[in-house]
Amino acid sequence: MALIVRIDVDRPYGKQGVVRHIASRISSDYYLPRIEGLRYLDELKTILRLLNANGKSAHVFFRKCTYPTPVVCELMEAGGHRFGLHLENSQTAETFREELGSLEGALGRRVVEFSKHGSGRLHLGRHHYAPYEPERYIPWAAQAGMRVFFGNLENPELRPVKEGELLFYPSAFWLEPFWRDTKRFPIEWLLRQAAERDVVMLLHPDNVTSSAEIMREFLMTIERLETADLPVLPSASR
Ligand SMILES: [Zn+2]
């Protein structure tokens with residue numbers, strides 16, 4: 001019974017400061033070499049260091065424009081965090097396999113889980129296929145032997161589902177309050193629920209680091225709750 005920390009890494013340079021905000025947009029839509037001077041993935045590093053200091057692990061989902069650097073990979077290894085794909089082009093099984101292969105090639109390792117970028121309402125960048133269609137992703141996950149995280153703007157009360165080897169998480173508690181019914185699901189709800197069962201908590205690093213209140217709630221959860229160490233699923237056909 002534990003907290004499952006899901007981190008979607010959407011923006012390479014966050015969105016604070018005009019130059020970093022623009023660099024995030026250009027990287028997402030076109031291509032920009034990593035610019036360490038603009039503090040590439042700084043917000044993710046902050047979150048990983050806090051998790052590591054508390055001995056807690058997370059599931060971290062990367063887009064093409066936020067692939068991890070060697071320093072980030074070291075922080076991931078040190079904390080026992082899992083590498084995941086934050087899927088952008090979900091148009092077909094083929095585009096899914098292409099994105100997965102690209103991330104695995106960049107990392108030089110198997111990726112065992114994925115989440116979907118966006119919630120179907122907005123078109124978020126040039127490579128983004130906006131529709132959010134969880135039922136289409138289940139066979140892809142089964143074929144690839146992967147865990148799949150849904151819960152893009154869905155009810156956090158839905159429980160994890162296991163079908164044979166396939167394990168998926170149909171909902172998430174969004175740490176950022178602008179996407180959560182905070183009256184119905186305050187942080188105390190999460191603290192209670194995760195003490196009794198597995199609950200996914202979703203966050204985006206730059207939203208946490210830019211808000212004292214969200215950071216306070218993040219620290220409260222990782223200090224008080226145990227995080228889950230989920231099994232790697234046996235691969236179906238890869
Ligand atoms: Zn996203």
# chains A, B, ... in the order shown; residues from 1 in each chain; ligands from 1
>>> residues_near_ligand(ligand="ligand 1", cutoff="10 Å", atoms="only C-alpha atoms and all ligand atoms", output="PyMOL selection string")
chain A and resi 7-11+61-63+86-88+115-119+124+128+152+203-204
>>> write_last_selection(atoms="N, CA and C atoms", output="PDB file, in the first residue's frame")
ATOM      1  N   ILE A   7       5.940  11.196 -12.664  1.00  0.00           N
ATOM      2  CA  ILE A   7       6.468  12.503 -13.059  1.00  0.00           C
ATOM      3  C   ILE A   7       6.456  12.584 -14.580  1.00  0.00           C
ATOM      4  N   ASP A   8       5.632  13.478 -15.138  1.00  0.00           N
ATOM      5  CA  ASP A   8       5.626  13.718 -16.584  1.00  0.00           C
ATOM      6  C   ASP A   8       6.549  14.906 -16.849  1.00  0.00           C
ATOM      7  N   VAL A   9       7.622  14.650 -17.611  1.00  0.00           N
ATOM      8  CA  VAL A   9       8.597  15.727 -17.858  1.00  0.00           C
ATOM      9  C   VAL A   9       8.246  16.395 -19.183  1.00  0.00           C
ATOM     10  N   ASP A  10       7.449  17.445 -19.109  1.00  0.00           N
ATOM     11  CA  ASP A  10       6.916  18.093 -20.310  1.00  0.00           C
ATOM     12  C   ASP A  10       7.843  19.147 -20.892  1.00  0.00           C
ATOM     13  N   ARG A  11       8.502  19.928 -20.026  1.00  0.00           N
ATOM     14  CA  ARG A  11       9.238  21.098 -20.527  1.00  0.00           C
ATOM     15  C   ARG A  11      10.720  21.023 -20.147  1.00  0.00           C
ATOM     16  N   PHE A  61       8.565  10.005 -16.825  1.00  0.00           N
ATOM     17  CA  PHE A  61       8.171   9.841 -18.221  1.00  0.00           C
ATOM     18  C   PHE A  61       8.738  10.979 -19.069  1.00  0.00           C
ATOM     19  N   PHE A  62       9.518  10.598 -20.095  1.00  0.00           N
ATOM     20  CA  PHE A  62      10.246  11.579 -20.893  1.00  0.00           C
ATOM     21  C   PHE A  62       9.661  11.720 -22.298  1.00  0.00           C
ATOM     22  N   ARG A  63       9.595  12.978 -22.756  1.00  0.00           N
ATOM     23  CA  ARG A  63       9.267  13.272 -24.155  1.00  0.00           C
ATOM     24  C   ARG A  63      10.573  13.377 -24.944  1.00  0.00           C
ATOM     25  N   HIS A  86       6.838   9.270 -22.283  1.00  0.00           N
ATOM     26  CA  HIS A  86       5.667  10.164 -22.249  1.00  0.00           C
ATOM     27  C   HIS A  86       5.230  10.332 -23.703  1.00  0.00           C
ATOM     28  N   LEU A  87       4.270   9.511 -24.096  1.00  0.00           N
ATOM     29  CA  LEU A  87       3.918   9.340 -25.506  1.00  0.00           C
ATOM     30  C   LEU A  87       3.253  10.587 -26.098  1.00  0.00           C
ATOM     31  N   GLU A  88       3.822  11.037 -27.234  1.00  0.00           N
ATOM     32  CA  GLU A  88       3.238  12.193 -27.923  1.00  0.00           C
ATOM     33  C   GLU A  88       2.437  11.772 -29.142  1.00  0.00           C
ATOM     34  N   SER A 115       3.195   6.784 -20.286  1.00  0.00           N
ATOM     35  CA  SER A 115       2.014   7.610 -20.015  1.00  0.00           C
ATOM     36  C   SER A 115       1.774   8.452 -21.263  1.00  0.00           C
ATOM     37  N   LYS A 116       0.606   9.056 -21.349  1.00  0.00           N
ATOM     38  CA  LYS A 116       0.243   9.823 -22.553  1.00  0.00           C
ATOM     39  C   LYS A 116       0.315  11.324 -22.260  1.00  0.00           C
ATOM     40  N   HIS A 117       0.960  12.038 -23.168  1.00  0.00           N
ATOM     41  CA  HIS A 117       1.067  13.497 -23.049  1.00  0.00           C
ATOM     42  C   HIS A 117      -0.270  14.134 -23.428  1.00  0.00           C
ATOM     43  N   GLY A 118      -0.775  15.024 -22.582  1.00  0.00           N
ATOM     44  CA  GLY A 118      -2.028  15.733 -22.879  1.00  0.00           C
ATOM     45  C   GLY A 118      -3.246  14.933 -22.480  1.00  0.00           C
ATOM     46  N   SER A 119      -4.363  15.646 -22.428  1.00  0.00           N
ATOM     47  CA  SER A 119      -5.605  15.009 -21.990  1.00  0.00           C
ATOM     48  C   SER A 119      -6.672  15.037 -23.063  1.00  0.00           C
ATOM     49  N   LEU A 124      -0.710  19.995 -28.132  1.00  0.00           N
ATOM     50  CA  LEU A 124       0.452  20.494 -27.392  1.00  0.00           C
ATOM     51  C   LEU A 124       1.730  20.274 -28.190  1.00  0.00           C
ATOM     52  N   HIS A 128       2.609  16.321 -31.420  1.00  0.00           N
ATOM     53  CA  HIS A 128       1.606  15.792 -30.508  1.00  0.00           C
ATOM     54  C   HIS A 128       0.348  15.374 -31.257  1.00  0.00           C
ATOM     55  N   ASN A 152      -5.351  10.837 -17.032  1.00  0.00           N
ATOM     56  CA  ASN A 152      -5.236  12.214 -17.462  1.00  0.00           C
ATOM     57  C   ASN A 152      -6.595  12.874 -17.244  1.00  0.00           C
ATOM     58  N   LEU A 203       2.693  14.570 -11.099  1.00  0.00           N
ATOM     59  CA  LEU A 203       3.191  15.950 -11.010  1.00  0.00           C
ATOM     60  C   LEU A 203       4.077  16.271 -12.210  1.00  0.00           C
ATOM     61  N   HIS A 204       4.221  17.575 -12.460  1.00  0.00           N
ATOM     62  CA  HIS A 204       5.122  18.099 -13.481  1.00  0.00           C
ATOM     63  C   HIS A 204       6.158  18.940 -12.734  1.00  0.00           C
TER      64      HIS A 204
END
>>> residues_around(residues="range 70-72 of chain A", least_positions_apart="4", cutoff="9 Å", atoms="only C-alpha atoms", output="PyMOL selection string")
chain A and resi 41+44-45+48+76-77
>>> closest_atom_pairs(of="range 21-132 of chain A", to="range 206-211 of chain A", cutoff="9 Å", atoms="only C-alpha atoms", output="CSV")
residue,atom,partner,partner_atom,distance
A:Asp42,CA,A:Asp206,CA,8.7
A:Glu43,CA,A:Asp206,CA,5.4
A:Leu44,CA,A:Asp206,CA,7.4
A:Thr46,CA,A:Thr209,CA,7.8
A:Ile47,CA,A:Thr209,CA,7.9
>>> write_last_selection(atoms="N, CA, C and O atoms", output="PDB file, in the first residue's frame")
ATOM      1  N   ASP A  42      16.529  21.357 -15.093  1.00  0.00           N
ATOM      2  CA  ASP A  42      16.869  21.752 -13.720  1.00  0.00           C
ATOM      3  C   ASP A  42      15.770  21.395 -12.719  1.00  0.00           C
ATOM      4  O   ASP A  42      16.050  20.926 -11.608  1.00  0.00           O
ATOM      5  N   GLU A  43      14.523  21.623 -13.114  1.00  0.00           N
ATOM      6  CA  GLU A  43      13.409  21.387 -12.186  1.00  0.00           C
ATOM      7  C   GLU A  43      13.282  19.890 -11.872  1.00  0.00           C
ATOM      8  O   GLU A  43      13.006  19.502 -10.734  1.00  0.00           O
ATOM      9  N   LEU A  44      13.510  19.054 -12.898  1.00  0.00           N
ATOM     10  CA  LEU A  44      13.469  17.605 -12.651  1.00  0.00           C
ATOM     11  C   LEU A  44      14.590  17.197 -11.698  1.00  0.00           C
ATOM     12  O   LEU A  44      14.376  16.388 -10.785  1.00  0.00           O
ATOM     13  N   THR A  46      15.921  18.923  -9.361  1.00  0.00           N
ATOM     14  CA  THR A  46      15.523  19.325  -7.995  1.00  0.00           C
ATOM     15  C   THR A  46      14.586  18.292  -7.378  1.00  0.00           C
ATOM     16  O   THR A  46      14.773  17.853  -6.233  1.00  0.00           O
ATOM     17  N   ILE A  47      13.591  17.874  -8.154  1.00  0.00           N
ATOM     18  CA  ILE A  47      12.612  16.898  -7.641  1.00  0.00           C
ATOM     19  C   ILE A  47      13.286  15.552  -7.350  1.00  0.00           C
ATOM     20  O   ILE A  47      13.040  14.930  -6.304  1.00  0.00           O
TER      21      ILE A  47
END
>>> closest_residue(among="A:Val18, A:Lys64, A:Val200, A:Phe178", to="Glu98 in chain A", atoms="only C-alpha atoms")
A:Lys64
>>> atom_distance(atom1="CA of Ala93 in chain A", atom2="CA of Ser57 in chain A")
29.6 Å
>>> select_by_dssp(residues="range 18-229 of chain A", states="helix (DSSP H, G or I)", output="PyMOL selection string")
chain A and resi 18-29+36-38+42-53+64-66+70-79+93-107+134-144+177-179+187-196+205-209+212-224
>>> residues_around(residues="Phe150 in chain A", least_positions_apart="2", cutoff="10 Å", atoms="only C-alpha atoms", output="PyMOL selection string")
chain A and resi 114-117+119+132-135+137+148+152-154+160+168-172+200
>>> write_last_selection(atoms="N, CA and C atoms", output="JSON list (two decimals), in the first residue's frame")
[["chain", "number", "residue", "atom", "x", "y", "z"],
["A", 114, "PHE", "N", 4.66, 3.50, -19.87],
["A", 114, "PHE", "CA", 4.44, 4.76, -20.56],
["A", 114, "PHE", "C", 3.19, 5.46, -20.07],
["A", 115, "SER", "N", 3.20, 6.78, -20.29],
["A", 115, "SER", "CA", 2.01, 7.61, -20.02],
["A", 115, "SER", "C", 1.77, 8.45, -21.26],
["A", 116, "LYS", "N", 0.61, 9.06, -21.35],
["A", 116, "LYS", "CA", 0.24, 9.82, -22.55],
["A", 116, "LYS", "C", 0.31, 11.32, -22.26],
["A", 117, "HIS", "N", 0.96, 12.04, -23.17],
["A", 117, "HIS", "CA", 1.07, 13.50, -23.05],
["A", 117, "HIS", "C", -0.27, 14.13, -23.43],
["A", 119, "SER", "N", -4.36, 15.65, -22.43],
["A", 119, "SER", "CA", -5.61, 15.01, -21.99],
["A", 119, "SER", "C", -6.67, 15.04, -23.06],
["A", 132, "TYR", "N", -7.03, 11.62, -26.76],
["A", 132, "TYR", "CA", -6.66, 10.80, -25.59],
["A", 132, "TYR", "C", -7.55, 9.57, -25.61],
["A", 133, "GLU", "N", -6.97, 8.39, -25.95],
["A", 133, "GLU", "CA", -7.76, 7.19, -26.24],
["A", 133, "GLU", "C", -7.19, 5.98, -25.49],
["A", 134, "PRO", "N", -7.36, 5.94, -24.18],
["A", 134, "PRO", "CA", -6.72, 4.89, -23.38],
["A", 134, "PRO", "C", -7.00, 3.48, -23.86],
["A", 135, "GLU", "N", -8.22, 3.22, -24.35],
["A", 135, "GLU", "CA", -8.56, 1.85, -24.74],
["A", 135, "GLU", "C", -7.70, 1.38, -25.93],
["A", 137, "TYR", "N", -4.54, 2.11, -26.28],
["A", 137, "TYR", "CA", -3.15, 1.90, -25.84],
["A", 137, "TYR", "C", -2.96, 0.55, -25.13],
["A", 148, "VAL", "N", 1.06, 0.70, -18.09],
["A", 148, "VAL", "CA", 0.57, 1.95, -18.67],
["A", 148, "VAL", "C", -0.17, 2.78, -17.63],
["A", 152, "ASN", "N", -5.35, 10.84, -17.03],
["A", 152, "ASN", "CA", -5.24, 12.21, -17.46],
["A", 152, "ASN", "C", -6.60, 12.87, -17.24],
["A", 153, "LEU", "N", -6.72, 13.57, -16.14],
["A", 153, "LEU", "CA", -7.94, 14.29, -15.78],
["A", 153, "LEU", "C", -9.11, 13.36, -15.49],
["A", 154, "GLU", "N", -8.83, 12.20, -14.92],
["A", 154, "GLU", "CA", -9.92, 11.32, -14.53],
["A", 154, "GLU", "C", -10.00, 11.19, -13.02],
["A", 160, "PRO", "N", -6.06, 0.68, -9.46],
["A", 160, "PRO", "CA", -5.23, -0.02, -10.45],
["A", 160, "PRO", "C", -5.90, -1.30, -10.94],
["A", 168, "PHE", "N", -2.45, -1.79, -15.37],
["A", 168, "PHE", "CA", -2.56, -0.38, -15.73],
["A", 168, "PHE", "C", -3.26, 0.43, -14.65],
["A", 169, "TYR", "N", -2.96, 1.69, -14.67],
["A", 169, "TYR", "CA", -3.43, 2.61, -13.64],
["A", 169, "TYR", "C", -4.42, 3.57, -14.29],
["A", 170, "PRO", "N", -5.70, 3.38, -14.05],
["A", 170, "PRO", "CA", -6.69, 4.15, -14.78],
["A", 170, "PRO", "C", -6.85, 5.59, -14.28],
["A", 171, "SER", "N", -6.27, 5.92, -13.14],
["A", 171, "SER", "CA", -6.48, 7.28, -12.64],
["A", 171, "SER", "C", -5.26, 7.76, -11.87],
["A", 172, "ALA", "N", -5.24, 9.07, -11.64],
["A", 172, "ALA", "CA", -4.14, 9.66, -10.86],
["A", 172, "ALA", "C", -4.67, 10.83, -10.04],
["A", 200, "VAL", "N", -1.71, 6.56, -7.51],
["A", 200, "VAL", "CA", -0.75, 7.30, -8.33],
["A", 200, "VAL", "C", -0.89, 8.79, -8.06]]
>>> closest_residue(among="A:Val60, A:Glu213, A:Thr221, A:Ala106", to="Leu191 in chain A", atoms="only C-alpha atoms")
A:Thr221
>>> select_by_dssp(residues="range 112-147 of chain A", states="strand (DSSP E or B)", output="list in words")
Glu113, Phe114, Ser115, Lys116 and Arg147 of chain A
>>> residues_around(residues="Pro139 in chain A", least_positions_apart="6", cutoff="12 Å", atoms="only C-alpha atoms", output="ChimeraX atom specification")
/A:92-93,96,133,145-148,163,165-168,236
>>> closest_residue(among="A:Val161, A:Val19, A:Val5, A:Leu51", to="Leu175 in chain A", atoms="only C-alpha atoms")
A:Val5
>>> closest_residue(among="A:Ala141, A:Ala130, A:Ala212, A:Leu3", to="Val111 in chain A", atoms="only C-alpha atoms")
A:Ala141
